[in-house]
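Colleague: Structure file protein-v5.txt (compact mmCIF, C-alpha atoms) right here:
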# COMPACT_ATOMS: atom_id res chain seq x y z
CA GLY A 18 -10.98 15.15 -8.72
CA TYR A 19 -9.52 14.03 -5.41
CA GLU A 20 -11.48 10.80 -5.48
CA HIS A 21 -9.21 9.38 -8.21
CA VAL A 22 -5.92 10.25 -6.46
CA HIS A 23 -4.42 7.59 -4.20
CA PHE A 24 -0.70 8.39 -4.09
CA LEU A 25 1.37 11.59 -4.21
CA SER A 26 5.03 11.83 -5.24
CA PHE A 27 6.42 15.37 -5.18
CA GLY A 28 9.89 15.12 -6.68
CA CYS A 29 12.21 17.99 -5.86
CA ASN A 30 9.64 20.61 -4.82
CA GLY A 31 11.41 23.64 -3.36
CA ALA A 32 8.20 25.65 -2.90
CA LEU A 33 6.59 23.03 -0.66
CA ALA A 34 9.85 22.39 1.19
CA SER A 35 10.11 25.97 2.45
CA SER A 36 6.47 27.09 2.89
CA LYS A 37 4.28 26.44 5.93
CA SER A 38 1.28 27.78 4.03
CA LEU A 39 1.76 25.23 1.22
CA ALA A 40 2.29 22.51 3.81
CA SER A 41 -1.01 23.53 5.41
CA LEU A 42 -2.74 23.27 2.03
CA LEU A 43 -1.27 19.80 1.57
CA VAL A 44 -2.63 18.81 4.98
CA GLN A 45 -6.10 20.00 3.93
CA VAL A 46 -5.88 17.80 0.83
CA LEU A 47 -4.72 14.78 2.84
CA GLN A 48 -7.46 15.28 5.42
CA LYS A 49 -10.09 14.78 2.73
CA GLY A 50 -9.18 11.11 3.10
CA PHE A 51 -8.64 9.99 -0.49
CA ILE A 52 -4.83 9.90 -0.48
CA TRP A 53 -3.24 7.09 1.52
CA ALA A 54 0.42 7.15 0.36
CA CYS A 55 3.02 9.90 -0.12
CA ASP A 56 6.61 9.94 -1.35
CA PHE A 57 8.55 12.88 0.14
CA GLY A 58 11.86 11.32 -0.88
CA GLU A 59 13.30 14.19 -2.95
CA VAL A 60 11.84 17.10 -0.99
CA TYR A 61 14.51 19.01 0.96
CA PHE A 62 12.15 20.15 3.71
CA ASN A 63 12.95 23.02 6.00
CA GLU A 64 12.95 21.47 9.48
CA GLU A 65 10.21 23.78 10.78
CA VAL A 66 8.02 23.15 7.73
CA PHE A 67 8.18 19.37 8.13
CA ASP A 68 7.47 19.66 11.86
CA HIS A 69 4.46 21.82 10.99
CA LEU A 70 3.27 19.19 8.51
CA LEU A 71 3.63 16.37 11.05
CA SER A 72 1.90 18.32 13.82
CA ALA A 73 -1.06 19.08 11.57
CA LEU A 74 -1.38 15.45 10.49
CA ASP A 75 -0.99 14.17 14.04
CA PRO A 76 -2.31 16.85 16.44
CA ARG A 77 -2.14 16.40 20.18
CA PRO A 78 -5.52 15.24 21.46
CA LEU A 79 -7.79 17.64 23.35
CA ARG A 80 -9.30 14.66 25.15
CA PRO A 81 -8.13 11.10 25.95
CA ALA A 82 -7.82 8.84 22.94
CA ARG A 83 -10.56 6.32 22.30
CA LYS A 84 -10.06 2.77 23.46
CA ARG A 85 -10.36 0.18 20.74
CA LYS A 86 -12.06 -3.19 21.17
CA THR A 87 -9.23 -4.83 19.25
CA GLY A 88 -6.82 -4.97 22.18
CA LEU A 89 -4.80 -1.97 20.97
CA GLU A 90 -3.56 0.30 23.71
CA GLU A 91 -4.92 3.83 23.85
CA THR A 92 -3.55 5.74 20.92
CA ARG A 93 -4.24 8.84 18.87
CA GLU A 94 -5.92 8.47 15.52
CA PRO A 95 -4.11 10.55 12.84
CA SER A 96 -6.14 13.22 11.09
CA SER A 97 -5.57 11.83 7.59
CA ASN A 98 -5.58 8.43 5.87
CA LEU A 99 -1.83 8.53 5.20
CA ALA A 100 -0.85 4.91 5.85
CA PHE A 101 2.31 4.58 3.72
CA SER A 102 5.10 7.08 3.11
CA PHE A 103 8.76 7.71 2.44
CA ALA A 104 10.99 10.57 3.55
CA ASP A 105 14.74 10.73 3.12
CA GLN A 106 17.19 11.60 5.87
CA GLY A 107 19.61 12.36 3.04
CA CYS A 108 17.40 15.33 2.13
CA GLY A 109 17.99 17.01 5.46
CA LEU A 110 15.32 15.47 7.69
CA LYS A 111 16.18 14.49 11.24
CA VAL A 112 16.00 10.93 12.53
CA HIS A 113 13.26 11.85 15.00
CA GLN A 114 11.16 13.39 12.20
CA ILE A 115 11.32 10.24 10.11
CA SER A 116 10.54 8.14 13.18
CA ARG A 117 7.50 10.30 13.89
CA LEU A 118 6.30 9.90 10.30
CA LYS A 119 6.73 6.12 10.52
CA ASP A 120 4.83 6.03 13.81
CA LEU A 121 2.01 8.13 12.35
CA THR A 122 1.54 5.82 9.37
CA ARG A 123 1.84 2.70 11.54
CA ARG A 124 -0.96 3.94 13.81
CA ARG A 125 -3.06 4.77 10.77
CA ARG A 126 -2.70 1.19 9.55
CA LEU A 127 -3.66 -0.19 12.96
CA PHE A 128 -6.88 1.83 12.98
CA ASP A 129 -7.58 0.83 9.37
CA LYS A 130 -7.10 -2.88 10.01
CA ALA A 131 -9.50 -2.67 12.96
CA LEU A 132 -12.24 -1.38 10.64
CA SER A 133 -14.81 -4.00 9.64
CA TRP A 134 -15.06 -5.05 5.99
CA GLY A 135 -18.40 -3.35 5.46
CA LYS A 136 -17.09 0.04 6.59
CA VAL A 137 -14.13 0.17 4.20
CA ASP A 138 -14.62 2.59 1.31
CA ARG A 139 -12.85 5.34 -0.60
CA THR A 140 -12.27 7.47 2.51
CA HIS A 141 -12.19 4.81 5.24
CA ALA A 142 -9.12 2.55 5.18
CA PRO A 143 -8.88 3.15 1.39
CA TRP A 144 -5.78 0.96 0.95
CA LEU A 145 -7.96 -1.97 2.08
CA ASP A 146 -10.61 -1.20 -0.55
CA ILE A 147 -9.09 -4.16 -2.36
CA PRO A 148 -11.06 -4.42 -5.64
CA ARG A 149 -10.38 -0.75 -6.32
CA VAL A 150 -6.65 -0.62 -5.45
CA PHE A 151 -5.34 -4.14 -6.11
CA GLY A 152 -4.06 -3.40 -9.60
CA MET A 153 -2.27 -0.24 -8.54
CA VAL A 154 -0.68 -1.88 -5.50
CA MET A 155 0.58 -4.81 -7.59
CA ARG A 156 2.04 -2.66 -10.38
CA SER A 157 3.06 0.75 -8.95
CA LYS A 158 6.81 1.38 -8.95
CA ASN A 159 6.45 4.50 -6.79
CA LEU A 160 4.70 2.58 -4.04
CA THR A 161 7.70 0.24 -3.71
CA LYS A 162 9.74 3.19 -2.41
CA CYS A 163 7.69 3.58 0.77
CA PHE A 164 9.08 2.45 4.12
CA TRP A 165 6.26 -0.12 4.29
CA ARG A 166 3.87 -1.27 1.53
CA PRO A 167 0.32 -2.69 1.48
CA TYR A 168 1.48 -6.04 0.12
CA GLN A 169 3.66 -6.47 3.23
CA GLU A 170 0.50 -6.52 5.35
CA ALA A 171 -1.18 -9.88 5.93
CA GLU A 172 -4.52 -8.08 6.25
CA PHE A 173 -4.22 -6.79 2.68
CA TRP A 174 -3.99 -10.34 1.34
CA ARG A 175 -6.72 -11.69 3.62
CA ARG A 176 -9.17 -9.04 2.48
CA ALA A 177 -8.21 -9.85 -1.10
CA GLY A 178 -9.43 -13.41 -0.45
CA PHE A 179 -6.08 -15.20 -0.07
CA HIS A 180 -5.05 -17.46 2.78
CA CYS A 181 -2.37 -15.70 4.79
CA THR A 182 -1.30 -17.03 8.17
CA GLY A 183 -0.43 -14.71 11.04
CA GLY A 184 -0.49 -14.25 14.78
CA PRO A 185 2.07 -14.29 17.60
CA ARG A 186 2.89 -17.99 17.16
CA LEU A 187 3.75 -17.67 13.47
CA ASN A 188 7.22 -19.03 12.68
CA LEU A 189 8.62 -15.99 10.90
CA GLN A 190 11.62 -16.37 8.63
CA ARG A 191 14.48 -13.89 8.49
CA SER A 192 15.47 -12.01 5.34
CA GLY A 193 17.93 -9.12 5.22
CA GLY A 194 17.85 -8.85 9.01
CA LYS A 195 14.04 -8.56 9.10
CA ARG A 196 11.41 -11.05 10.20
CA VAL A 197 9.38 -12.09 7.16
CA ASN A 198 6.00 -13.81 7.11
CA PRO A 199 6.52 -16.72 4.65
CA SER A 200 2.89 -16.56 3.47
CA ILE A 201 3.27 -12.89 2.55
CA ARG A 202 6.56 -13.56 0.82
CA ARG A 203 5.04 -16.33 -1.33
CA LEU A 204 2.04 -14.21 -2.32
CA THR A 205 4.16 -11.16 -3.06
CA THR A 206 6.70 -13.10 -5.11
CA ALA A 207 3.93 -14.72 -7.13
CA MET A 208 1.83 -11.63 -7.84
CA HIS A 209 3.65 -8.36 -7.17
CA ARG A 210 5.24 -6.66 -10.20
CA GLY A 211 5.96 -3.10 -9.06
CA ASN A 212 7.52 -1.88 -12.29
CA LEU A 213 5.09 0.68 -13.77
CA GLU A 214 5.96 4.37 -13.69
CA PRO A 215 3.04 6.77 -13.02
CA ALA A 216 2.13 7.37 -16.69
CA ALA A 217 2.16 3.65 -17.51
CA LEU A 218 0.24 2.85 -14.34
CA GLN A 219 -2.48 5.35 -15.22
CA LYS A 220 -2.72 3.84 -18.69
CA ALA A 221 -3.03 0.33 -17.27
CA PHE A 222 -5.56 1.37 -14.60
CA PRO A 223 -7.12 4.65 -15.71
CA PRO A 224 -9.18 6.78 -13.29
CA GLY A 225 -12.85 5.90 -12.96
CA ASP A 226 -14.92 2.83 -13.68
CA GLU A 227 -12.61 1.37 -16.33
CA GLY A 228 -9.61 1.35 -14.03
CA GLU A 229 -11.64 -0.19 -11.22
CA ARG A 230 -12.94 -2.87 -13.61
CA ARG A 231 -9.40 -3.79 -14.68
CA SER A 232 -8.26 -3.91 -11.06
CA ARG A 233 -11.14 -6.26 -10.15
CA GLU A 234 -10.39 -8.49 -13.13
CA LEU A 235 -6.73 -8.69 -12.17
CA LEU A 236 -7.72 -9.67 -8.63
CA GLN A 237 -10.09 -12.33 -9.95
CA THR A 238 -7.41 -13.68 -12.29
CA CYS A 239 -4.84 -13.87 -9.50
CA GLY A 240 -7.36 -15.80 -7.42
CA GLN A 241 -7.74 -18.56 -10.02
CA THR A 242 -5.60 -21.55 -9.07
CA LYS A 243 -4.79 -25.11 -10.12
CA GLN A 244 -3.50 -27.95 -7.99
CA TYR A 245 0.00 -29.18 -8.80
CA GLY A 246 1.35 -31.85 -6.49
CA ASP A 247 1.56 -30.55 -2.93
CA GLY A 248 1.19 -26.86 -3.81
CA LEU A 249 -1.00 -24.31 -5.56
CA MET A 250 -0.01 -22.65 -8.80
CA ILE A 251 -1.60 -19.37 -9.81
CA ASN A 252 -3.29 -19.86 -13.16
CA ALA A 253 -2.55 -16.46 -14.70
CA TRP A 254 -1.38 -12.99 -13.93
CA CYS A 255 -2.77 -10.70 -16.60
CA LEU A 256 -4.69 -7.60 -17.56
CA GLU A 257 -7.98 -7.86 -19.43
CA TYR A 258 -6.44 -7.22 -22.84
CA THR A 259 -4.05 -10.21 -22.81
CA LYS A 260 -4.63 -12.54 -25.76
CA CYS A 261 -5.53 -16.14 -25.03
CA GLY A 262 -2.90 -18.80 -25.39
CA LYS A 263 0.06 -16.43 -25.03
CA ILE A 264 2.68 -16.21 -22.35
CA HIS A 265 1.90 -13.09 -20.38
CA PRO A 266 4.59 -10.45 -21.11
CA PHE A 267 5.00 -9.60 -17.44
CA LEU A 268 5.95 -13.20 -16.69
CA MET A 269 7.89 -14.08 -19.84
CA GLY A 270 11.17 -15.66 -18.83
CA LYS A 271 10.57 -14.77 -15.15
CA PRO A 272 9.67 -17.80 -13.03
CA SER A 273 7.48 -17.04 -10.03
CA ILE A 274 7.05 -18.84 -6.73
CA SER A 275 3.76 -19.92 -5.20
CA MET A 276 3.74 -22.32 -2.24
CA GLY A 277 7.33 -23.21 -3.03
CA HIS A 278 6.81 -24.20 -6.69
CA LEU A 279 8.55 -22.59 -9.66
CA TYR A 280 6.55 -22.02 -12.81
CA HIS A 281 6.14 -19.83 -15.87
CA GLY A 282 2.79 -18.08 -16.17
CA TYR A 283 0.67 -19.13 -19.11
CA VAL A 284 -2.67 -17.48 -19.84
CA LYS A 285 -5.55 -19.86 -20.49
Here is the file; what I need is its structure written in the form of structure tokens.
Modeller:
Amino acid sequence: GYEHVHFLSFGCNGALASSKSLASLLVQVLQKGFIWACDFGEVYFNEEVFDHLLSALDPRPLRPARKRKTGLEETREPSSNLAFSFADQGCGLKVHQISRLKDLTRRRRLFDKALSWGKVDRTHAPWLDIPRVFGMVMRSKNLTKCFWRPYQEAEFWRRAGFHCTGGPRLNLQRSGGKRVNPSIRRLTTAMHRGNLEPAALQKAFPPGDEGERRSRELLQTCGQTKQYGDGLMINAWCLEYTKCGKIHPFLMGKPSISMGHLYHGYVK
């Protein structure tokens, strides 16, 4: 059912690209709230169809937008939970369409991050339902294609229980022309391994209770640390089936960085 679907990747889908009725059906699916990421990268959308999709996901308000207590300016809340996406200008989309999609997902994330911890669930800020999605976010290759990813958000790491600095006075570093939060970069480098294709990802974190259990165990394992000199070293990065005393295959020969220290990941 829908409740087990988090991410959609369409490939080269000519039917969807040229049909407003199929786009409307997709909007109905997205508005159920379970799906929070979409990859439109290979879909050669008809311009009118994509405009129709965007307008349905982000309708003009019939009344003034609600004011938030978080200091955000008045803004429209999108009609779905789509918080991360990718669309390709090389597939015929206009610059303003991609900009509108980016703005839509950015506003969705702002509303999601303003939601209190106790209100987050499968259909409310689902990408911040950390125990359920942590494994998928750390391992999904498809998710790495999005314009912006959950692990680039400081709030994702904070709600996962990690210390992640932020705020307007943060001394951001530059990388590839972009301002990078050094705390996020360290955490991502240490724990993110976005190399599983959909079939392998589903095998590693199957739908239902078993997949959620593995995701929680991975989160707990990543949270285990040891003190080494002036920095912290993550104790292990593994799935529940890893045998004790072995080098984890995902880290074999690949040093990781945590708080500036290089190390190879050994499983206790």
Colleague: Let me make sure I understand: among A:Gly28, A:Gly240, A:Pro143, A:Gly152, which one has the smallest atom-to-atom distance to A:Phe103 if we use only C-alpha atoms?
Modeller: A:Gly28
Colleague: Can you tell me which residues surround A:Asp56 at a distance of at most 6 Å, considering only C-alpha atoms, apart from same-chain residues fewer than 2 positions away, and format the answer as a list of chain:residue names?
Modeller: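 Here the answer would be A:Ser26, A:Gly58, A:Ser102, A:Phe103.
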Colleague: What separation in Å, quoted to one decimal, exists between atom CA of A:Met155 and atom CA of A:Arg210?
Modeller: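 Between these atoms lies a distance of 5.7 Å.
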Colleague: Rank A:Leu204, A:Ala177, A:Ala131, A:Leu71 by their smallest atom-to-atom distance to A:Ile115, using all atoms listed in the file, and report the top residue only.
Modeller: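 Distance minimum relative to A:Ile115 lands on A:Leu71.
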Colleague: Have a look at atom CA of A:Met208 and atom CA of A:Gln241 and let me know their distance in Å, one decimal.
Modeller: 12.0 Å
Colleague: Take stretch 220-231 of chain A, bring it up to all heavy atoms, and give me the output as a PDB file, keeping the file's coordinate frame.
Modeller:
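Listed below is the output, result-v5.pdb:
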ATOM      1  N   LYS A 220      -2.229   4.432 -17.456  1.00  0.00           N
ATOM      2  CA  LYS A 220      -2.720   3.840 -18.690  1.00  0.00           C
ATOM      3  C   LYS A 220      -3.269   2.432 -18.444  1.00  0.00           C
ATOM      4  O   LYS A 220      -4.283   2.034 -19.024  1.00  0.00           O
ATOM      5  CB  LYS A 220      -1.599   3.783 -19.734  1.00  0.00           C
ATOM      6  CG  LYS A 220      -2.045   3.268 -21.095  1.00  0.00           C
ATOM      7  CD  LYS A 220      -0.900   3.320 -22.099  1.00  0.00           C
ATOM      8  CE  LYS A 220      -1.351   2.825 -23.466  1.00  0.00           C
ATOM      9  NZ  LYS A 220      -0.238   2.860 -24.449  1.00  0.00           N
ATOM     10  N   ALA A 221      -2.593   1.691 -17.569  1.00  0.00           N
ATOM     11  CA  ALA A 221      -3.030   0.330 -17.270  1.00  0.00           C
ATOM     12  C   ALA A 221      -4.296   0.318 -16.424  1.00  0.00           C
ATOM     13  O   ALA A 221      -5.188  -0.518 -16.626  1.00  0.00           O
ATOM     14  CB  ALA A 221      -1.920  -0.432 -16.539  1.00  0.00           C
ATOM     15  N   PHE A 222      -4.391   1.274 -15.487  1.00  0.00           N
ATOM     16  CA  PHE A 222      -5.560   1.370 -14.600  1.00  0.00           C
ATOM     17  C   PHE A 222      -6.026   2.819 -14.560  1.00  0.00           C
ATOM     18  O   PHE A 222      -5.745   3.547 -13.609  1.00  0.00           O
ATOM     19  CB  PHE A 222      -5.199   0.884 -13.184  1.00  0.00           C
ATOM     20  CG  PHE A 222      -4.682  -0.526 -13.143  1.00  0.00           C
ATOM     21  CD1 PHE A 222      -3.319  -0.776 -13.124  1.00  0.00           C
ATOM     22  CD2 PHE A 222      -5.553  -1.597 -13.149  1.00  0.00           C
ATOM     23  CE1 PHE A 222      -2.834  -2.068 -13.103  1.00  0.00           C
ATOM     24  CE2 PHE A 222      -5.082  -2.901 -13.128  1.00  0.00           C
ATOM     25  CZ  PHE A 222      -3.719  -3.139 -13.111  1.00  0.00           C
ATOM     26  N   PRO A 223      -6.713   3.249 -15.610  1.00  0.00           N
ATOM     27  CA  PRO A 223      -7.120   4.650 -15.710  1.00  0.00           C
ATOM     28  C   PRO A 223      -8.121   5.039 -14.623  1.00  0.00           C
ATOM     29  O   PRO A 223      -8.806   4.166 -14.068  1.00  0.00           O
ATOM     30  CB  PRO A 223      -7.758   4.732 -17.098  1.00  0.00           C
ATOM     31  CG  PRO A 223      -8.195   3.334 -17.403  1.00  0.00           C
ATOM     32  CD  PRO A 223      -7.187   2.443 -16.752  1.00  0.00           C
ATOM     33  N   PRO A 224      -8.209   6.335 -14.297  1.00  0.00           N
ATOM     34  CA  PRO A 224      -9.180   6.780 -13.290  1.00  0.00           C
ATOM     35  C   PRO A 224     -10.610   6.423 -13.691  1.00  0.00           C
ATOM     36  O   PRO A 224     -10.939   6.382 -14.875  1.00  0.00           O
ATOM     37  CB  PRO A 224      -8.985   8.308 -13.254  1.00  0.00           C
ATOM     38  CG  PRO A 224      -7.617   8.535 -13.802  1.00  0.00           C
ATOM     39  CD  PRO A 224      -7.406   7.459 -14.828  1.00  0.00           C
ATOM     40  N   GLY A 225     -11.438   6.158 -12.691  1.00  0.00           N
ATOM     41  CA  GLY A 225     -12.850   5.900 -12.960  1.00  0.00           C
ATOM     42  C   GLY A 225     -13.200   4.435 -13.067  1.00  0.00           C
ATOM     43  O   GLY A 225     -12.441   3.541 -12.667  1.00  0.00           O
ATOM     44  N   ASP A 226     -14.349   4.184 -13.645  1.00  0.00           N
ATOM     45  CA  ASP A 226     -14.920   2.830 -13.680  1.00  0.00           C
ATOM     46  C   ASP A 226     -14.050   1.840 -14.443  1.00  0.00           C
ATOM     47  O   ASP A 226     -13.951   0.671 -14.057  1.00  0.00           O
ATOM     48  CB  ASP A 226     -16.317   2.876 -14.317  1.00  0.00           C
ATOM     49  CG  ASP A 226     -17.316   3.640 -13.461  1.00  0.00           C
ATOM     50  OD1 ASP A 226     -17.051   3.810 -12.258  1.00  0.00           O
ATOM     51  OD2 ASP A 226     -18.352   4.071 -14.004  1.00  0.00           O
ATOM     52  N   GLU A 227     -13.420   2.290 -15.532  1.00  0.00           N
ATOM     53  CA  GLU A 227     -12.610   1.370 -16.330  1.00  0.00           C
ATOM     54  C   GLU A 227     -11.418   0.863 -15.542  1.00  0.00           C
ATOM     55  O   GLU A 227     -11.103  -0.340 -15.567  1.00  0.00           O
ATOM     56  CB  GLU A 227     -12.145   2.056 -17.621  1.00  0.00           C
ATOM     57  CG  GLU A 227     -11.191   1.234 -18.489  1.00  0.00           C
ATOM     58  CD  GLU A 227     -11.813  -0.058 -19.005  1.00  0.00           C
ATOM     59  OE1 GLU A 227     -13.049  -0.184 -18.984  1.00  0.00           O
ATOM     60  OE2 GLU A 227     -11.047  -0.944 -19.434  1.00  0.00           O
ATOM     61  N   GLY A 228     -10.749   1.761 -14.839  1.00  0.00           N
ATOM     62  CA  GLY A 228      -9.610   1.350 -14.030  1.00  0.00           C
ATOM     63  C   GLY A 228     -10.011   0.409 -12.916  1.00  0.00           C
ATOM     64  O   GLY A 228      -9.308  -0.573 -12.627  1.00  0.00           O
ATOM     65  N   GLU A 229     -11.146   0.685 -12.289  1.00  0.00           N
ATOM     66  CA  GLU A 229     -11.640  -0.190 -11.220  1.00  0.00           C
ATOM     67  C   GLU A 229     -12.001  -1.568 -11.781  1.00  0.00           C
ATOM     68  O   GLU A 229     -11.760  -2.599 -11.151  1.00  0.00           O
ATOM     69  CB  GLU A 229     -12.836   0.449 -10.542  1.00  0.00           C
ATOM     70  CG  GLU A 229     -12.470   1.698  -9.747  1.00  0.00           C
ATOM     71  CD  GLU A 229     -13.678   2.354  -9.120  1.00  0.00           C
ATOM     72  OE1 GLU A 229     -14.687   1.645  -8.913  1.00  0.00           O
ATOM     73  OE2 GLU A 229     -13.636   3.559  -8.842  1.00  0.00           O
ATOM     74  N   ARG A 230     -12.581  -1.587 -12.991  1.00  0.00           N
ATOM     75  CA  ARG A 230     -12.940  -2.870 -13.610  1.00  0.00           C
ATOM     76  C   ARG A 230     -11.679  -3.698 -13.882  1.00  0.00           C
ATOM     77  O   ARG A 230     -11.645  -4.902 -13.611  1.00  0.00           O
ATOM     78  CB  ARG A 230     -13.701  -2.620 -14.910  1.00  0.00           C
ATOM     79  CG  ARG A 230     -14.167  -3.903 -15.593  1.00  0.00           C
ATOM     80  CD  ARG A 230     -14.836  -3.611 -16.924  1.00  0.00           C
ATOM     81  NE  ARG A 230     -13.898  -3.099 -17.901  1.00  0.00           N
ATOM     82  CZ  ARG A 230     -13.052  -3.865 -18.596  1.00  0.00           C
ATOM     83  NH1 ARG A 230     -13.028  -5.172 -18.404  1.00  0.00           N
ATOM     84  NH2 ARG A 230     -12.234  -3.324 -19.474  1.00  0.00           N
ATOM     85  N   ARG A 231     -10.642  -3.062 -14.404  1.00  0.00           N
ATOM     86  CA  ARG A 231      -9.400  -3.790 -14.680  1.00  0.00           C
ATOM     87  C   ARG A 231      -8.760  -4.301 -13.398  1.00  0.00           C
ATOM     88  O   ARG A 231      -8.199  -5.405 -13.362  1.00  0.00           O
ATOM     89  CB  ARG A 231      -8.425  -2.878 -15.429  1.00  0.00           C
ATOM     90  CG  ARG A 231      -8.874  -2.505 -16.827  1.00  0.00           C
ATOM     91  CD  ARG A 231      -7.784  -1.726 -17.532  1.00  0.00           C
ATOM     92  NE  ARG A 231      -8.212  -1.242 -18.840  1.00  0.00           N
ATOM     93  CZ  ARG A 231      -7.419  -0.607 -19.689  1.00  0.00           C
ATOM     94  NH1 ARG A 231      -6.152  -0.376 -19.356  1.00  0.00           N
ATOM     95  NH2 ARG A 231      -7.867  -0.197 -20.853  1.00  0.00           N
TER      96      ARG A 231
END
